[in-house]
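Down below is the structure, laid out as structure tokens.
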Amino acid sequence: MKLCLDPGHGGYDPGACGNGLREKDITLDICLRLKPLLEFNGVSVCLTRDGDYAPGHLENQLNAELNYRSAISNNFGADLFVSVHVNSGGGTGQEILVAGMGGKAEAAAGKCLYYIQQVSRWPNRGVKAQNVSVLGSKTNAPAYLTENGFIDSVTDTAKLKDPNFRQSLAVAHAKGICDYFGVQYREGGTDMLEVAVLLYTKEDYWAGTDVSAKNGNCALFIRPDDHSVPKDAMSAKTLYIVGGGSVGHSNEVLLSGNSKYDTAAAV
């Protein structure tokens, strides 16, 4: 069971905006909450982005970027592609879009919509066929796109601003995906660190321990030799980075410089 999870928009493209929210931030938050839930239930997950950037960093090349999202899914060999969005345009409620009716995508979308409806209690706008690029023929797997409330609706955004509600939306998505895969959903996998510290090398350890202590002795991670980022660090709500550059985390604090002395000064 392999899922490609697509947080809508990102980077230069904020998506829809309203009531103090940006679509790209909401979609990323939901997806980062959703990924560990699915992995706990045995579903392999790849994200088209795990930070505030457009996949492929293809600035001002929207069609190329959307093709890149499909390519990520295809290269991963996904069995299902799910894109998470927030609607706009003067309505309210949730709906799910598919490229066409009568296939696996519609069946999967219907299962997910059922669980979302249970937690949102918004008007149910149903499963609809719509010509959306990432749902088309360039994405090999059955694909659907969830529209979670309207960002220009005061009542919808009142819920979307609540992190507990966004967690409930993530659980609803997870239950629908597990249902489609024929998996009995199990509670778990919800552990998300409030704060973590990421060290570029072990030489940053002493500076990192000071940052950790200032944040209640929070978790401390050292990047491996390939400088990849441990997934538990990447899923933390806030990530302090000691040494090295940005890792694309949606809420990162850079404590870095051109030398270890500059890094120490930043710390």
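For the structure tokens, the naming scheme is as follows: chains receive sequential letters (A, B, ...) according to their order of presentation, residues are indexed from 1 within each chain, and ligands are indexed from 1 in presentation order.
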I'd like to know which residues of range 76-221 of chain A are strand (DSSP E or B) (by DSSP, run on the backbone); could you write them as a PyMOL selection string? chain A and resi 80-87+94-98+124-129+143-150+195-199+219-221
For the helix (DSSP H, G or I) assignment from backbone DSSP, which residues of range 101-215 of chain A qualify? Please present them as a ChimeraX atom specification. /A:104-120,133-135,154-160,163-181,202-214
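Take the candidates A:Thr209, A:Leu113, A:Asn41, A:Pro163 and check each one against Gly182 in chain A using only C-alpha atoms; the shortest distance goes to A:Asn41.
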Using only C-alpha atoms, which residues sit within 8 Å of Asp52 in chain A once same-chain residues fewer than 3 positions away are excluded, as a list in words? Gly10, Gly11, Lys24, Asp25, Leu28, Arg49, Gly248, His249 and Ser250 of chain A
Those selected residues, please, written with C-alpha atoms and delivered as a compact mmCIF listing (two decimals), in the first residue's frame.
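Below is the file result20.txt, written as the result:
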# COMPACT_ATOMS: atom_id res chain seq x y z
CA GLY A 10 3.36 26.00 -1.66
CA GLY A 11 6.28 28.37 -2.11
CA LYS A 24 -0.66 26.39 1.49
CA ASP A 25 -0.10 26.54 5.28
CA LEU A 28 0.83 21.34 4.73
CA ARG A 49 6.47 18.68 -0.39
CA GLY A 248 12.24 23.42 4.09
CA HIS A 249 10.45 22.96 7.41
CA SER A 250 7.28 25.07 7.61
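The nearest approach to Gln118 in chain A among the residues A:Ala172, A:Leu37, A:Leu198, A:Met101, with only C-alpha atoms taken into account, belongs to A:Ala172.
Taking CA of Ser44 in chain A as the reference point, CA of Pro7 in chain A is found at 16.3 Å.
Take CA of Ala265 in chain A and CA of Ile222 in chain A: the distance between them is 19.6 Å.
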Excluding Asn124 in chain A and any residue of its chain fewer than 2 positions from it, enumerate the residues within 12 Å of it, using only C-alpha atoms, and give them as a PyMOL selection string. chain A and resi 91-96+110+113-122+126-128+146-149
9 Å contact set for Val211 in chain A, only C-alpha atoms, chain neighbours under 6 positions out, as a PDB file with C-alpha atoms, in the first residue's frame:
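For reference, out19.pdb as written:
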ATOM      1  CA  VAL A 197      16.723  20.784  17.525  1.00  0.00           C
ATOM      2  CA  ASN A 217      15.266  19.830  27.067  1.00  0.00           C
ATOM      3  CA  CYS A 218      13.498  19.052  23.812  1.00  0.00           C
ATOM      4  CA  TYR A 240      15.609  24.854  15.506  1.00  0.00           C
ATOM      5  CA  VAL A 242      21.971  24.651  14.407  1.00  0.00           C
ATOM      6  CA  VAL A 267      22.859  30.467  19.159  1.00  0.00           C
TER       7      VAL A 267
END
